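K.L.:
Below: one structure in structure tokens.
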Amino acid sequence: MTGDTITQSVGAAATAAAAPTSVATSRAARELGLKRGEFELAVMLGRIRTSSDTVGGPRRVTVEEIERVRATEGFPEAWMERIRTVGTTEGAALMGITTTRFTRLSRAGFVTPVKFYVNRYRAVVWLYLAEDLRQFAESEVNAALLTGRAPAAIRAQLEAGVDVRARNWRGRHAGSLLRQSDDSWERTAAVASLLDPVQIAELIKDPYERAYLNRLMPAPFTRGPADSPAARIIQKITTADDPDEIRWLRANLTIGLSQARRERPAPRPAPRPAPGPTPDPQPERVAPQAEQPDDASEERGLEPRRLLKWLRRRGG
């Protein structure tokens, strides 16, 4: 092997070692030519698989996954069509029905929204997967729902104000969150994210477990002020309010929490070391002071000198 060949081999090995095995979701979206919303929807639908290096850490996409998506037959046009969303008007046209009938079918739960947003008029706009609507319209089982008078049971529900669009969206969203992780604590947090905090506090008494679940919950849908009108609308949509739905979520939260506890406890602050015995205070040492003669001792020291001077004068 020549020197040039060795150098090329070492360089290739160094380049391979330096190449990342996974990238951030923003970079993965750019490499696949997807907008942020399109990428998030693809992840929700399971068309793009993400992972995390640590529990609760940011989601990433492996290089192999990016290559797998690129190698999908029909990518990108046919692949993009599978994640295309439509609103009520376009969805009704796609199914060959009126917008009124489409809305009634959606409110009754026959078609499930995949996304939503709040427009500038504070109205909720539901979006549907075009692929779902096509499949629904092509099924012979649903032919009677697309034409003629709706069944009496459905009419009665709609007249009573039944609207399961938010509930069905939450169910679909929960399924997406549960598919994205195998960690018991993360899966439990996904279920808890759809419950009101009061419900969570009733079921989970340990404050450290609640704090851990809060940390693992998916990012909220609201990006503006939490007390804004739009944020309150979104909060209402993303929080379970149907009694049957709440019971299902509470039961799943209890089961998931029990499994998570068996796998590992929730993190807790390190215990503080116990304080040691307090030493007895040492008596203060006072430096010895030289004795100062008092006035009487000074007088006694002067008396012999005076007597000596008097005798000298007498003898002189």
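Ordered as shown in the structure tokens, chains take letters A, B, and onward, while each chain numbers its residues from 1 and ligands are numbered from 1 in the order shown.
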For segment 152-168 of chain A, please output as a PDB file with N, CA, C and O atoms, in the first residue's frame all residues within 8 Å (counting only C-alpha atoms; exclusion window: fewer than 4 positions along the same chain).
P.N.:
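Listing of around33.pdb after writing:
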```
ATOM      1  N   ARG A 104     -70.959  18.207   9.469  1.00  0.00           N
ATOM      2  CA  ARG A 104     -71.770  17.306  10.295  1.00  0.00           C
ATOM      3  C   ARG A 104     -71.085  15.955  10.474  1.00  0.00           C
ATOM      4  O   ARG A 104     -71.103  15.383  11.567  1.00  0.00           O
ATOM      5  N   SER A 106     -67.895  15.453  10.416  1.00  0.00           N
ATOM      6  CA  SER A 106     -66.746  15.669  11.291  1.00  0.00           C
ATOM      7  C   SER A 106     -67.182  15.824  12.744  1.00  0.00           C
ATOM      8  O   SER A 106     -66.565  15.255  13.653  1.00  0.00           O
ATOM      9  N   ARG A 107     -68.223  16.605  12.988  1.00  0.00           N
ATOM     10  CA  ARG A 107     -68.718  16.789  14.353  1.00  0.00           C
ATOM     11  C   ARG A 107     -69.194  15.475  14.952  1.00  0.00           C
ATOM     12  O   ARG A 107     -69.052  15.235  16.153  1.00  0.00           O
ATOM     13  N   ALA A 108     -69.747  14.599  14.111  1.00  0.00           N
ATOM     14  CA  ALA A 108     -70.233  13.308  14.596  1.00  0.00           C
ATOM     15  C   ALA A 108     -69.122  12.280  14.747  1.00  0.00           C
ATOM     16  O   ALA A 108     -69.360  11.188  15.283  1.00  0.00           O
ATOM     17  N   GLY A 109     -67.922  12.602  14.277  1.00  0.00           N
ATOM     18  CA  GLY A 109     -66.787  11.716  14.489  1.00  0.00           C
ATOM     19  C   GLY A 109     -66.484  10.759  13.365  1.00  0.00           C
ATOM     20  O   GLY A 109     -65.671   9.839  13.539  1.00  0.00           O
ATOM     21  N   THR A 112     -61.769  12.411  11.233  1.00  0.00           N
ATOM     22  CA  THR A 112     -61.018  12.944  12.379  1.00  0.00           C
ATOM     23  C   THR A 112     -59.996  13.965  11.921  1.00  0.00           C
ATOM     24  O   THR A 112     -59.194  13.676  11.029  1.00  0.00           O
ATOM     25  N   PRO A 113     -60.011  15.150  12.527  1.00  0.00           N
ATOM     26  CA  PRO A 113     -58.993  16.150  12.153  1.00  0.00           C
ATOM     27  C   PRO A 113     -57.608  15.711  12.593  1.00  0.00           C
ATOM     28  O   PRO A 113     -57.441  14.982  13.573  1.00  0.00           O
ATOM     29  N   ARG A 172     -56.051  11.015  18.597  1.00  0.00           N
ATOM     30  CA  ARG A 172     -55.036  10.809  17.562  1.00  0.00           C
ATOM     31  C   ARG A 172     -53.692  11.345  18.013  1.00  0.00           C
ATOM     32  O   ARG A 172     -52.643  10.729  17.776  1.00  0.00           O
ATOM     33  N   ILE A 237     -58.882  22.974  23.918  1.00  0.00           N
ATOM     34  CA  ILE A 237     -58.888  21.886  22.938  1.00  0.00           C
ATOM     35  C   ILE A 237     -57.955  20.761  23.364  1.00  0.00           C
ATOM     36  O   ILE A 237     -58.274  19.574  23.198  1.00  0.00           O
ATOM     37  N   THR A 238     -56.814  21.095  23.922  1.00  0.00           N
ATOM     38  CA  THR A 238     -55.789  20.083  24.241  1.00  0.00           C
ATOM     39  C   THR A 238     -55.975  19.450  25.616  1.00  0.00           C
ATOM     40  O   THR A 238     -55.171  18.610  26.009  1.00  0.00           O
ATOM     41  N   ALA A 240     -58.518  17.224  28.093  1.00  0.00           N
ATOM     42  CA  ALA A 240     -59.697  16.352  28.065  1.00  0.00           C
ATOM     43  C   ALA A 240     -60.823  16.941  28.905  1.00  0.00           C
ATOM     44  O   ALA A 240     -60.596  17.419  30.017  1.00  0.00           O
ATOM     45  N   ASP A 242     -64.290  15.348  28.258  1.00  0.00           N
ATOM     46  CA  ASP A 242     -65.355  14.346  28.208  1.00  0.00           C
ATOM     47  C   ASP A 242     -65.174  13.356  29.357  1.00  0.00           C
ATOM     48  O   ASP A 242     -64.066  12.862  29.588  1.00  0.00           O
ATOM     49  N   GLU A 245     -63.567  10.073  28.370  1.00  0.00           N
ATOM     50  CA  GLU A 245     -62.171  10.299  27.979  1.00  0.00           C
ATOM     51  C   GLU A 245     -61.308  10.509  29.216  1.00  0.00           C
ATOM     52  O   GLU A 245     -60.185   9.968  29.302  1.00  0.00           O
TER      53      GLU A 245
END
```
K.L.:
Contacts of segment 137-141 of chain A at 12 Å or less, counting only C-alpha atoms, minus same-chain residues fewer than 4 places along, as a PyMOL selection string?
P.N.:
chain A and resi 91-97+102+105+110-111+130-133+145-147
K.L.:
From the set A:Arg47, A:Arg264, A:Arg250, A:Arg210, which residue has the shortest atom-to-atom contact distance to Arg82 of chain A, counting only C-alpha atoms?
P.N.:
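Among the listed residues, A:Arg47 lies closest to Arg82 of chain A.
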K.L.:
As a PyMOL selection string, list the residues of segment 111-264 of chain A assigned to alpha helix (DSSP H) by DSSP on the backbone atoms of this structure.
P.N.:
chain A and resi 130-138+143-146+152-159+165-179+184-192+197-203+207-216+229-238+243-263
K.L.:
Enumerate as JSON, numbers by chain all residues of segment 69-300 of chain A assigned to strand (DSSP E or B) by DSSP on the backbone, naming them with the chain letters and numbers the document uses.
P.N.:
{"A": [85, 86, 115, 116, 117, 118, 124, 125, 126, 127, 128, 129]}
